>>> print(open('run.txt').read())   # compact mmCIF, N, CA and C atoms
# COMPACT_ATOMS: atom_id res chain seq x y z
N MET L 1 35.22 103.83 6.80
CA MET L 1 33.85 103.99 7.25
C MET L 1 33.56 103.01 8.39
N TYR L 2 32.74 103.44 9.32
CA TYR L 2 32.40 102.62 10.48
C TYR L 2 31.44 101.52 10.06
N GLU L 3 31.78 100.29 10.37
CA GLU L 3 30.91 99.17 10.05
C GLU L 3 30.39 98.58 11.35
N GLN L 4 29.09 98.50 11.46
CA GLN L 4 28.47 98.01 12.68
C GLN L 4 28.29 96.49 12.59
N LYS L 5 28.69 95.80 13.63
CA LYS L 5 28.51 94.35 13.68
C LYS L 5 27.24 94.07 14.48
N ASP L 6 26.39 93.20 13.95
CA ASP L 6 25.11 92.95 14.59
C ASP L 6 25.15 91.83 15.62
N LYS L 7 26.20 91.06 15.72
CA LYS L 7 26.37 89.98 16.69
C LYS L 7 25.23 88.97 16.63
N GLY L 8 24.62 88.78 15.47
CA GLY L 8 23.53 87.83 15.33
C GLY L 8 22.18 88.39 15.68
N PHE L 9 22.07 89.71 15.86
CA PHE L 9 20.82 90.33 16.28
C PHE L 9 20.09 91.00 15.12
N LYS L 10 20.34 90.58 13.92
CA LYS L 10 19.68 91.18 12.77
C LYS L 10 18.18 90.87 12.84
N GLU L 11 17.37 91.89 12.68
CA GLU L 11 15.91 91.75 12.67
C GLU L 11 15.35 91.25 14.01
N MET L 12 15.94 91.63 15.12
CA MET L 12 15.45 91.18 16.43
C MET L 12 14.36 92.08 17.00
N GLY L 13 14.20 93.28 16.47
CA GLY L 13 13.20 94.21 17.00
C GLY L 13 11.80 93.65 17.04
N PRO L 14 11.27 93.13 15.93
CA PRO L 14 9.91 92.58 15.97
C PRO L 14 9.77 91.37 16.90
N VAL L 15 10.81 90.57 17.02
CA VAL L 15 10.76 89.41 17.91
C VAL L 15 10.66 89.87 19.36
N LEU L 16 11.45 90.87 19.72
CA LEU L 16 11.43 91.37 21.09
C LEU L 16 10.10 92.06 21.40
N LEU L 17 9.57 92.80 20.44
CA LEU L 17 8.25 93.43 20.66
C LEU L 17 7.16 92.38 20.81
N ALA L 18 7.21 91.34 20.00
CA ALA L 18 6.21 90.27 20.11
C ALA L 18 6.30 89.58 21.46
N ALA L 19 7.50 89.29 21.92
CA ALA L 19 7.67 88.65 23.23
C ALA L 19 7.17 89.56 24.34
N ASN L 20 7.49 90.85 24.24
CA ASN L 20 7.08 91.82 25.24
C ASN L 20 5.56 91.94 25.30
N TYR L 21 4.91 92.13 24.16
CA TYR L 21 3.46 92.33 24.16
C TYR L 21 2.69 91.05 24.44
N PHE L 22 3.22 89.90 24.04
CA PHE L 22 2.54 88.64 24.36
C PHE L 22 2.57 88.40 25.87
N THR L 23 3.70 88.66 26.49
CA THR L 23 3.79 88.52 27.94
C THR L 23 2.90 89.54 28.63
N PHE L 24 2.85 90.76 28.09
CA PHE L 24 1.96 91.79 28.64
C PHE L 24 0.51 91.33 28.57
N LEU L 25 0.12 90.70 27.46
CA LEU L 25 -1.24 90.21 27.27
C LEU L 25 -1.57 89.12 28.29
N ILE L 26 -0.67 88.17 28.45
CA ILE L 26 -0.92 87.07 29.39
C ILE L 26 -0.88 87.57 30.84
N ALA L 27 0.08 88.42 31.15
CA ALA L 27 0.23 88.90 32.54
C ALA L 27 -0.93 89.80 32.96
N ASN L 28 -1.54 90.50 32.01
CA ASN L 28 -2.70 91.33 32.36
C ASN L 28 -3.89 90.49 32.78
N SER L 29 -3.90 89.21 32.45
CA SER L 29 -4.99 88.34 32.86
C SER L 29 -4.98 88.06 34.36
N PHE L 30 -3.78 87.96 34.94
CA PHE L 30 -3.71 87.65 36.36
C PHE L 30 -3.11 88.77 37.21
N ALA L 31 -2.67 89.85 36.62
CA ALA L 31 -2.06 90.94 37.39
C ALA L 31 -3.03 91.59 38.39
N PRO L 32 -4.32 91.74 38.08
CA PRO L 32 -5.21 92.33 39.08
C PRO L 32 -5.40 91.48 40.33
N SER L 33 -5.14 90.19 40.24
CA SER L 33 -5.34 89.32 41.40
C SER L 33 -4.12 89.24 42.30
N ILE L 34 -3.02 89.90 41.94
CA ILE L 34 -1.82 89.88 42.77
C ILE L 34 -2.06 90.79 43.98
N ARG L 35 -1.88 90.23 45.16
CA ARG L 35 -2.15 90.97 46.38
C ARG L 35 -0.84 91.51 46.97
N MET L 36 -0.48 92.70 46.55
CA MET L 36 0.67 93.41 47.11
C MET L 36 0.26 94.86 47.28
N SER L 37 1.00 95.56 48.10
CA SER L 37 0.71 96.99 48.24
C SER L 37 1.10 97.69 46.94
N LEU L 38 0.53 98.86 46.74
CA LEU L 38 0.80 99.59 45.49
C LEU L 38 2.27 99.95 45.36
N THR L 39 2.90 100.34 46.45
CA THR L 39 4.32 100.71 46.36
C THR L 39 5.18 99.49 46.05
N SER L 40 4.86 98.35 46.63
CA SER L 40 5.62 97.13 46.33
C SER L 40 5.43 96.73 44.88
N GLN L 41 4.21 96.88 44.38
CA GLN L 41 3.94 96.55 42.99
C GLN L 41 4.70 97.48 42.05
N MET L 42 4.77 98.76 42.39
CA MET L 42 5.53 99.70 41.56
C MET L 42 7.02 99.38 41.59
N LYS L 43 7.52 98.97 42.76
CA LYS L 43 8.94 98.62 42.85
C LYS L 43 9.27 97.38 42.02
N VAL L 44 8.41 96.37 42.08
CA VAL L 44 8.64 95.16 41.28
C VAL L 44 8.59 95.51 39.79
N ALA L 45 7.65 96.35 39.40
CA ALA L 45 7.55 96.76 37.99
C ALA L 45 8.79 97.54 37.57
N ALA L 46 9.30 98.41 38.44
CA ALA L 46 10.51 99.16 38.11
C ALA L 46 11.71 98.23 37.96
N ILE L 47 11.80 97.21 38.80
CA ILE L 47 12.89 96.24 38.68
C ILE L 47 12.76 95.46 37.37
N CYS L 48 11.53 95.10 37.01
CA CYS L 48 11.32 94.39 35.74
C CYS L 48 11.74 95.24 34.55
N TYR L 49 11.37 96.52 34.56
CA TYR L 49 11.77 97.42 33.48
C TYR L 49 13.29 97.56 33.43
N THR L 50 13.92 97.66 34.58
CA THR L 50 15.38 97.78 34.62
C THR L 50 16.05 96.53 34.05
N LEU L 51 15.55 95.36 34.42
CA LEU L 51 16.10 94.12 33.87
C LEU L 51 15.89 94.04 32.36
N ASN L 52 14.77 94.55 31.88
CA ASN L 52 14.52 94.58 30.44
C ASN L 52 15.57 95.44 29.74
N TYR L 53 15.84 96.62 30.27
CA TYR L 53 16.84 97.50 29.65
C TYR L 53 18.24 96.92 29.72
N VAL L 54 18.56 96.30 30.86
CA VAL L 54 19.89 95.71 31.01
C VAL L 54 20.08 94.55 30.03
N SER L 55 19.03 93.76 29.84
CA SER L 55 19.16 92.60 28.95
C SER L 55 19.40 93.02 27.50
N GLU L 56 18.96 94.21 27.13
CA GLU L 56 19.17 94.66 25.76
C GLU L 56 20.36 95.60 25.63
N ALA L 57 20.87 96.08 26.74
CA ALA L 57 22.02 96.97 26.68
C ALA L 57 23.33 96.20 26.53
N PHE L 58 23.42 95.07 27.20
CA PHE L 58 24.64 94.27 27.14
C PHE L 58 24.37 93.04 26.29
N LEU L 59 24.53 93.19 25.00
CA LEU L 59 24.23 92.10 24.07
C LEU L 59 25.34 91.06 24.08
N LEU L 60 24.96 89.84 24.36
CA LEU L 60 25.89 88.73 24.33
C LEU L 60 25.90 88.15 22.92
N PRO L 61 27.01 87.62 22.48
CA PRO L 61 27.05 87.06 21.12
C PRO L 61 26.35 85.71 21.04
N GLY L 62 25.80 85.42 19.87
CA GLY L 62 25.23 84.11 19.59
C GLY L 62 23.84 83.89 20.14
N ASN L 63 23.50 82.60 20.26
CA ASN L 63 22.15 82.22 20.67
C ASN L 63 21.85 82.59 22.12
N TRP L 64 22.87 82.59 22.98
CA TRP L 64 22.65 82.98 24.37
C TRP L 64 22.22 84.44 24.48
N GLY L 65 22.79 85.27 23.66
CA GLY L 65 22.42 86.68 23.66
C GLY L 65 21.00 86.90 23.19
N ILE L 66 20.60 86.14 22.17
CA ILE L 66 19.23 86.24 21.67
C ILE L 66 18.25 85.77 22.74
N ALA L 67 18.53 84.64 23.37
CA ALA L 67 17.65 84.12 24.43
C ALA L 67 17.59 85.08 25.61
N PHE L 68 18.73 85.66 25.97
CA PHE L 68 18.79 86.62 27.08
C PHE L 68 17.94 87.85 26.77
N SER L 69 17.99 88.33 25.52
CA SER L 69 17.20 89.50 25.13
C SER L 69 15.71 89.19 25.12
N VAL L 70 15.33 88.01 24.65
CA VAL L 70 13.91 87.63 24.61
C VAL L 70 13.36 87.47 26.02
N VAL L 71 14.12 86.84 26.90
CA VAL L 71 13.68 86.71 28.30
C VAL L 71 13.57 88.10 28.94
N GLY L 72 14.51 88.98 28.63
CA GLY L 72 14.42 90.34 29.15
C GLY L 72 13.18 91.07 28.66
N ALA L 73 12.82 90.86 27.39
CA ALA L 73 11.61 91.47 26.86
C ALA L 73 10.37 90.91 27.55
N MET L 74 10.40 89.63 27.86
CA MET L 74 9.26 89.03 28.56
C MET L 74 9.15 89.56 29.99
N VAL L 75 10.26 89.75 30.65
CA VAL L 75 10.25 90.34 31.99
C VAL L 75 9.71 91.78 31.93
N GLY L 76 10.08 92.52 30.88
CA GLY L 76 9.56 93.87 30.70
C GLY L 76 8.05 93.88 30.47
N GLY L 77 7.54 92.90 29.74
CA GLY L 77 6.09 92.79 29.54
C GLY L 77 5.35 92.51 30.83
N TYR L 78 5.94 91.67 31.67
CA TYR L 78 5.34 91.40 32.98
C TYR L 78 5.33 92.65 33.85
N GLY L 79 6.44 93.39 33.82
CA GLY L 79 6.52 94.63 34.59
C GLY L 79 5.52 95.67 34.10
N ALA L 80 5.32 95.73 32.78
CA ALA L 80 4.35 96.68 32.23
C ALA L 80 2.93 96.34 32.69
N ALA L 81 2.60 95.06 32.73
CA ALA L 81 1.27 94.66 33.19
C ALA L 81 1.07 95.05 34.65
N LEU L 82 2.07 94.79 35.48
CA LEU L 82 1.96 95.18 36.88
C LEU L 82 1.79 96.69 37.04
N LEU L 83 2.56 97.43 36.26
CA LEU L 83 2.54 98.88 36.39
C LEU L 83 1.20 99.47 35.96
N TRP L 84 0.63 98.98 34.86
CA TRP L 84 -0.64 99.53 34.41
C TRP L 84 -1.78 99.20 35.36
N VAL L 85 -1.77 97.99 35.91
CA VAL L 85 -2.79 97.64 36.91
C VAL L 85 -2.61 98.50 38.16
N CYS L 86 -1.37 98.76 38.50
CA CYS L 86 -1.07 99.59 39.67
C CYS L 86 -1.54 101.04 39.44
N TYR L 87 -1.35 101.56 38.24
CA TYR L 87 -1.84 102.90 37.93
C TYR L 87 -3.35 102.98 38.14
N GLY L 88 -4.07 101.99 37.64
CA GLY L 88 -5.52 102.00 37.79
C GLY L 88 -5.96 101.93 39.24
N ALA L 89 -5.32 101.07 40.00
CA ALA L 89 -5.65 100.94 41.43
C ALA L 89 -5.31 102.22 42.18
N TYR L 90 -4.19 102.85 41.82
CA TYR L 90 -3.79 104.09 42.48
C TYR L 90 -4.80 105.20 42.19
N MET L 91 -5.23 105.31 40.94
CA MET L 91 -6.22 106.34 40.59
C MET L 91 -7.54 106.10 41.33
N LYS L 92 -7.95 104.84 41.39
CA LYS L 92 -9.20 104.52 42.08
C LYS L 92 -9.09 104.82 43.57
N THR L 93 -7.94 104.51 44.17
CA THR L 93 -7.73 104.80 45.59
C THR L 93 -7.74 106.30 45.85
N LEU L 94 -7.09 107.07 44.99
CA LEU L 94 -7.10 108.53 45.16
C LEU L 94 -8.50 109.10 45.10
N CYS L 95 -9.29 108.61 44.15
CA CYS L 95 -10.66 109.10 44.03
C CYS L 95 -11.49 108.73 45.25
N LYS L 96 -11.26 107.53 45.78
CA LYS L 96 -12.02 107.09 46.96
C LYS L 96 -11.63 107.90 48.19
N VAL L 97 -10.34 108.16 48.37
CA VAL L 97 -9.86 108.90 49.54
C VAL L 97 -10.35 110.35 49.49
N ASN L 98 -10.35 110.95 48.32
CA ASN L 98 -10.76 112.35 48.19
C ASN L 98 -12.26 112.52 48.02
N GLY L 99 -13.01 111.43 48.04
CA GLY L 99 -14.46 111.51 47.91
C GLY L 99 -14.92 111.93 46.52
N GLU L 100 -14.16 111.61 45.51
CA GLU L 100 -14.50 112.00 44.13
C GLU L 100 -14.78 110.78 43.27
N GLU L 101 -15.47 109.80 43.84
CA GLU L 101 -15.73 108.57 43.10
C GLU L 101 -16.66 108.79 41.92
N ASP L 102 -17.49 109.82 41.99
CA ASP L 102 -18.43 110.06 40.90
C ASP L 102 -17.76 110.65 39.65
N ILE L 103 -16.57 111.22 39.78
CA ILE L 103 -15.88 111.79 38.62
C ILE L 103 -14.56 111.09 38.32
N GLN L 104 -14.40 109.85 38.80
CA GLN L 104 -13.15 109.15 38.56
C GLN L 104 -12.95 108.85 37.07
N GLY L 105 -14.02 108.75 36.31
CA GLY L 105 -13.89 108.54 34.86
C GLY L 105 -13.17 109.70 34.19
N ARG L 106 -13.38 110.90 34.69
CA ARG L 106 -12.68 112.07 34.15
C ARG L 106 -11.17 111.95 34.37
N TYR L 107 -10.78 111.51 35.55
CA TYR L 107 -9.36 111.37 35.84
C TYR L 107 -8.71 110.27 34.99
N PHE L 108 -9.43 109.16 34.80
CA PHE L 108 -8.91 108.12 33.92
C PHE L 108 -8.80 108.62 32.48
N GLY L 109 -9.75 109.44 32.07
CA GLY L 109 -9.70 110.02 30.73
C GLY L 109 -8.50 110.94 30.56
N ILE L 110 -8.22 111.75 31.58
CA ILE L 110 -7.06 112.64 31.52
C ILE L 110 -5.77 111.83 31.46
N LEU L 111 -5.67 110.77 32.27
CA LEU L 111 -4.48 109.92 32.26
C LEU L 111 -4.28 109.30 30.87
N ASN L 112 -5.33 108.78 30.29
CA ASN L 112 -5.21 108.17 28.96
C ASN L 112 -4.92 109.22 27.89
N ALA L 113 -5.48 110.41 28.01
CA ALA L 113 -5.18 111.47 27.04
C ALA L 113 -3.70 111.84 27.08
N ILE L 114 -3.14 111.94 28.27
CA ILE L 114 -1.71 112.25 28.39
C ILE L 114 -0.87 111.11 27.81
N ALA L 115 -1.23 109.87 28.16
CA ALA L 115 -0.45 108.72 27.69
C ALA L 115 -0.49 108.62 26.16
N PHE L 116 -1.67 108.76 25.57
CA PHE L 116 -1.77 108.57 24.13
C PHE L 116 -1.34 109.79 23.34
N SER L 117 -1.35 110.97 23.95
CA SER L 117 -0.79 112.12 23.25
C SER L 117 0.72 112.01 23.15
N SER L 118 1.35 111.36 24.13
CA SER L 118 2.80 111.15 24.01
C SER L 118 3.10 110.18 22.88
N LEU L 119 2.24 109.20 22.65
CA LEU L 119 2.41 108.30 21.51
C LEU L 119 2.27 109.06 20.20
N LEU L 120 1.31 109.96 20.15
CA LEU L 120 1.11 110.76 18.94
C LEU L 120 2.31 111.66 18.69
N CYS L 121 2.81 112.31 19.73
CA CYS L 121 3.99 113.17 19.57
C CYS L 121 5.20 112.37 19.13
N GLY L 122 5.40 111.20 19.71
CA GLY L 122 6.52 110.35 19.31
C GLY L 122 6.41 109.90 17.86
N SER L 123 5.20 109.60 17.43
CA SER L 123 5.00 109.20 16.03
C SER L 123 5.27 110.35 15.08
N LEU L 124 4.86 111.55 15.46
CA LEU L 124 5.10 112.71 14.60
C LEU L 124 6.60 113.01 14.51
N VAL L 125 7.30 112.93 15.63
CA VAL L 125 8.74 113.17 15.60
C VAL L 125 9.43 112.13 14.73
N THR L 126 9.03 110.87 14.87
CA THR L 126 9.64 109.82 14.06
C THR L 126 9.33 110.00 12.59
N THR L 127 8.12 110.42 12.27
CA THR L 127 7.73 110.61 10.87
C THR L 127 8.49 111.74 10.22
N PHE L 128 8.61 112.85 10.89
CA PHE L 128 9.18 114.03 10.24
C PHE L 128 10.70 114.18 10.45
N CYS L 129 11.27 113.50 11.42
CA CYS L 129 12.70 113.67 11.68
C CYS L 129 13.56 112.52 11.16
N PHE L 130 12.98 111.36 10.93
CA PHE L 130 13.80 110.23 10.52
C PHE L 130 13.38 109.73 9.19
>>> encode(input="run.txt", output="structure tokens")
Amino acid sequence: MYEQKDKGFKEMGPVLLAANYFTFLIANSFAPSIRMSLTSQMKVAAICYTLNYVSEAFLLPGNWGIAFSVVGAMVGGYGAALLWVCYGAYMKTLCKVNGEEDIQGRYFGILNAIAFSSLLCGSLVTTFCF
């Protein structure tokens, strides 16, 4: 039978989520004040997400691997904060350019409905399939 070795990463999921969301919480405090173009902000966020995935894909053994994964989760949280602020600024810019500032709340509602319906679908799949 196949035996999986954890390389010291037993129960690391909650720690990585906590590091990710704590960094997201702190970074959302100053992310709106970052003065970069929207495309540059999206590129930096994409690089942060990529570094997050790389840090968890190549697990190093021992304490260095744990530290590397936690730092990667923190970089991912920073990227998520940049990306969400960028989404909001992009939606606001689109509404301003198209002269639809009076109905921009509808567009934000549609964006959030799509985002949170994907969470609901993912939860249902996880509940009934696993």
>>> select_by_dssp(input="run.txt", residues="segment 36-71 of chain L", states="helix (DSSP H, G or I)", output="NGL selection string")
:L and (38-57 or 62-71)
>>> atom_distance(input="run.txt", atom1="atom N of Arg106 of chain L", atom2="atom C of Val85 of chain L")
16.8 Å
>>> atom_distance(input="run.txt", atom1="atom CA of Ser55 of chain L", atom2="atom CA of Phe22 of chain L")
17.7 Å
>>> closest_residue(input="run.txt", among="L:Cys86, L:Trp64, L:Val71, L:Ile114", to="Arg35 of chain L", atoms="only C-alpha atoms")
L:Cys86
>>> closest_residue(input="run.txt", among="L:Leu94, L:Leu83, L:Gln104, L:Tyr21", to="Ser40 of chain L", atoms="only C-alpha atoms")
L:Leu83
>>> axis_aligned_box(input="run.txt", around="segment 100-113 of chain L", padding_each_side="6 Å", output="lines of an AutoDock Vina configuration file")
center_x = -11.1
center_y = 110.4
center_z = 36.3
size_x = 26.7
size_y = 16.5
size_z = 30.5
>>> closest_residue(input="run.txt", among="L:Tyr107, L:Phe128, L:Tyr87, L:Phe24", to="Ala73 of chain L", atoms="all atoms listed in the file")
L:Phe24
>>> atom_distance(input="run.txt", atom1="atom CA of Leu16 of chain L", atom2="atom CA of Met74 of chain L")
8.1 Å
>>> residues_around(input="run.txt", residues="Ala80 of chain L", least_positions_apart="4", cutoff="6.5 Å", atoms="only N, CA and C atoms", output="number ranges by chain")
L: 24, 45, 49, 75-76, 84-85
>>> write_last_selection(input="run.txt", atoms="N, CA and C atoms", output="PDB file, keeping the file's coordinate frame")
ATOM      1  N   PHE L  24       2.850  90.760  28.090  1.00  0.00           N
ATOM      2  CA  PHE L  24       1.960  91.790  28.640  1.00  0.00           C
ATOM      3  C   PHE L  24       0.510  91.330  28.570  1.00  0.00           C
ATOM      4  N   ALA L  45       7.650  96.350  39.400  1.00  0.00           N
ATOM      5  CA  ALA L  45       7.550  96.760  37.990  1.00  0.00           C
ATOM      6  C   ALA L  45       8.790  97.540  37.570  1.00  0.00           C
ATOM      7  N   TYR L  49      11.370  96.520  34.560  1.00  0.00           N
ATOM      8  CA  TYR L  49      11.770  97.420  33.480  1.00  0.00           C
ATOM      9  C   TYR L  49      13.290  97.560  33.430  1.00  0.00           C
ATOM     10  N   VAL L  75      10.260  89.750  30.650  1.00  0.00           N
ATOM     11  CA  VAL L  75      10.250  90.340  31.990  1.00  0.00           C
ATOM     12  C   VAL L  75       9.710  91.780  31.930  1.00  0.00           C
ATOM     13  N   GLY L  76      10.080  92.520  30.880  1.00  0.00           N
ATOM     14  CA  GLY L  76       9.560  93.870  30.700  1.00  0.00           C
ATOM     15  C   GLY L  76       8.050  93.880  30.470  1.00  0.00           C
ATOM     16  N   TRP L  84       0.630  98.980  34.860  1.00  0.00           N
ATOM     17  CA  TRP L  84      -0.640  99.530  34.410  1.00  0.00           C
ATOM     18  C   TRP L  84      -1.780  99.200  35.360  1.00  0.00           C
ATOM     19  N   VAL L  85      -1.770  97.990  35.910  1.00  0.00           N
ATOM     20  CA  VAL L  85      -2.790  97.640  36.910  1.00  0.00           C
ATOM     21  C   VAL L  85      -2.610  98.500  38.160  1.00  0.00           C
TER      22      VAL L  85
END
>>> closest_residue(input="run.txt", among="L:Gly72, L:Gly13, L:Gly109, L:Gly65", to="Gly88 of chain L", atoms="only C-alpha atoms")
L:Gly109
>>> build_atoms(input="run.txt", residues="segment 87-107 of chain L", atoms="N, CA, C and O atoms", output="PDB file, keeping the file's coordinate frame")
ATOM      1  N   TYR L  87      -1.350 101.560  38.240  1.00  0.00           N
ATOM      2  CA  TYR L  87      -1.840 102.900  37.930  1.00  0.00           C
ATOM      3  C   TYR L  87      -3.350 102.980  38.140  1.00  0.00           C
ATOM      4  O   TYR L  87      -3.858 103.941  38.726  1.00  0.00           O
ATOM      5  N   GLY L  88      -4.070 101.990  37.640  1.00  0.00           N
ATOM      6  CA  GLY L  88      -5.520 102.000  37.790  1.00  0.00           C
ATOM      7  C   GLY L  88      -5.960 101.930  39.240  1.00  0.00           C
ATOM      8  O   GLY L  88      -6.863 102.656  39.679  1.00  0.00           O
ATOM      9  N   ALA L  89      -5.320 101.070  40.000  1.00  0.00           N
ATOM     10  CA  ALA L  89      -5.650 100.940  41.430  1.00  0.00           C
ATOM     11  C   ALA L  89      -5.310 102.220  42.180  1.00  0.00           C
ATOM     12  O   ALA L  89      -6.057 102.644  43.074  1.00  0.00           O
ATOM     13  N   TYR L  90      -4.190 102.850  41.820  1.00  0.00           N
ATOM     14  CA  TYR L  90      -3.790 104.090  42.480  1.00  0.00           C
ATOM     15  C   TYR L  90      -4.800 105.200  42.190  1.00  0.00           C
ATOM     16  O   TYR L  90      -5.203 105.938  43.088  1.00  0.00           O
ATOM     17  N   MET L  91      -5.230 105.310  40.940  1.00  0.00           N
ATOM     18  CA  MET L  91      -6.220 106.340  40.590  1.00  0.00           C
ATOM     19  C   MET L  91      -7.540 106.100  41.330  1.00  0.00           C
ATOM     20  O   MET L  91      -8.161 107.027  41.832  1.00  0.00           O
ATOM     21  N   LYS L  92      -7.950 104.840  41.390  1.00  0.00           N
ATOM     22  CA  LYS L  92      -9.200 104.520  42.080  1.00  0.00           C
ATOM     23  C   LYS L  92      -9.090 104.820  43.570  1.00  0.00           C
ATOM     24  O   LYS L  92     -10.022 105.349  44.174  1.00  0.00           O
ATOM     25  N   THR L  93      -7.940 104.510  44.170  1.00  0.00           N
ATOM     26  CA  THR L  93      -7.730 104.800  45.590  1.00  0.00           C
ATOM     27  C   THR L  93      -7.740 106.300  45.850  1.00  0.00           C
ATOM     28  O   THR L  93      -8.327 106.764  46.834  1.00  0.00           O
ATOM     29  N   LEU L  94      -7.090 107.070  44.990  1.00  0.00           N
ATOM     30  CA  LEU L  94      -7.100 108.530  45.160  1.00  0.00           C
ATOM     31  C   LEU L  94      -8.500 109.100  45.100  1.00  0.00           C
ATOM     32  O   LEU L  94      -8.866 109.972  45.882  1.00  0.00           O
ATOM     33  N   CYS L  95      -9.290 108.610  44.150  1.00  0.00           N
ATOM     34  CA  CYS L  95     -10.660 109.100  44.030  1.00  0.00           C
ATOM     35  C   CYS L  95     -11.490 108.730  45.250  1.00  0.00           C
ATOM     36  O   CYS L  95     -12.322 109.509  45.709  1.00  0.00           O
ATOM     37  N   LYS L  96     -11.260 107.530  45.780  1.00  0.00           N
ATOM     38  CA  LYS L  96     -12.020 107.090  46.960  1.00  0.00           C
ATOM     39  C   LYS L  96     -11.630 107.900  48.190  1.00  0.00           C
ATOM     40  O   LYS L  96     -12.484 108.321  48.969  1.00  0.00           O
ATOM     41  N   VAL L  97     -10.340 108.160  48.370  1.00  0.00           N
ATOM     42  CA  VAL L  97      -9.860 108.900  49.540  1.00  0.00           C
ATOM     43  C   VAL L  97     -10.350 110.350  49.490  1.00  0.00           C
ATOM     44  O   VAL L  97     -10.749 110.907  50.515  1.00  0.00           O
ATOM     45  N   ASN L  98     -10.350 110.950  48.320  1.00  0.00           N
ATOM     46  CA  ASN L  98     -10.760 112.350  48.190  1.00  0.00           C
ATOM     47  C   ASN L  98     -12.260 112.520  48.020  1.00  0.00           C
ATOM     48  O   ASN L  98     -12.736 113.635  47.844  1.00  0.00           O
ATOM     49  N   GLY L  99     -13.010 111.430  48.040  1.00  0.00           N
ATOM     50  CA  GLY L  99     -14.460 111.510  47.910  1.00  0.00           C
ATOM     51  C   GLY L  99     -14.920 111.930  46.520  1.00  0.00           C
ATOM     52  O   GLY L  99     -15.981 112.541  46.379  1.00  0.00           O
ATOM     53  N   GLU L 100     -14.160 111.610  45.510  1.00  0.00           N
ATOM     54  CA  GLU L 100     -14.500 112.000  44.130  1.00  0.00           C
ATOM     55  C   GLU L 100     -14.780 110.780  43.270  1.00  0.00           C
ATOM     56  O   GLU L 100     -14.426 110.726  42.100  1.00  0.00           O
ATOM     57  N   GLU L 101     -15.470 109.800  43.840  1.00  0.00           N
ATOM     58  CA  GLU L 101     -15.730 108.570  43.100  1.00  0.00           C
ATOM     59  C   GLU L 101     -16.660 108.790  41.920  1.00  0.00           C
ATOM     60  O   GLU L 101     -16.608 108.053  40.942  1.00  0.00           O
ATOM     61  N   ASP L 102     -17.490 109.820  41.990  1.00  0.00           N
ATOM     62  CA  ASP L 102     -18.430 110.060  40.900  1.00  0.00           C
ATOM     63  C   ASP L 102     -17.760 110.650  39.650  1.00  0.00           C
ATOM     64  O   ASP L 102     -18.316 110.561  38.566  1.00  0.00           O
ATOM     65  N   ILE L 103     -16.570 111.220  39.780  1.00  0.00           N
ATOM     66  CA  ILE L 103     -15.880 111.790  38.620  1.00  0.00           C
ATOM     67  C   ILE L 103     -14.560 111.090  38.320  1.00  0.00           C
ATOM     68  O   ILE L 103     -13.699 111.636  37.638  1.00  0.00           O
ATOM     69  N   GLN L 104     -14.400 109.850  38.800  1.00  0.00           N
ATOM     70  CA  GLN L 104     -13.150 109.150  38.560  1.00  0.00           C
ATOM     71  C   GLN L 104     -12.950 108.850  37.070  1.00  0.00           C
ATOM     72  O   GLN L 104     -11.823 108.741  36.615  1.00  0.00           O
ATOM     73  N   GLY L 105     -14.020 108.750  36.310  1.00  0.00           N
ATOM     74  CA  GLY L 105     -13.890 108.540  34.860  1.00  0.00           C
ATOM     75  C   GLY L 105     -13.170 109.700  34.190  1.00  0.00           C
ATOM     76  O   GLY L 105     -12.417 109.495  33.229  1.00  0.00           O
ATOM     77  N   ARG L 106     -13.380 110.900  34.690  1.00  0.00           N
ATOM     78  CA  ARG L 106     -12.680 112.070  34.150  1.00  0.00           C
ATOM     79  C   ARG L 106     -11.170 111.950  34.370  1.00  0.00           C
ATOM     80  O   ARG L 106     -10.381 112.239  33.485  1.00  0.00           O
ATOM     81  N   TYR L 107     -10.780 111.510  35.550  1.00  0.00           N
ATOM     82  CA  TYR L 107      -9.360 111.370  35.840  1.00  0.00           C
ATOM     83  C   TYR L 107      -8.710 110.270  34.990  1.00  0.00           C
ATOM     84  O   TYR L 107      -7.587 110.420  34.517  1.00  0.00           O
TER      85      TYR L 107
END
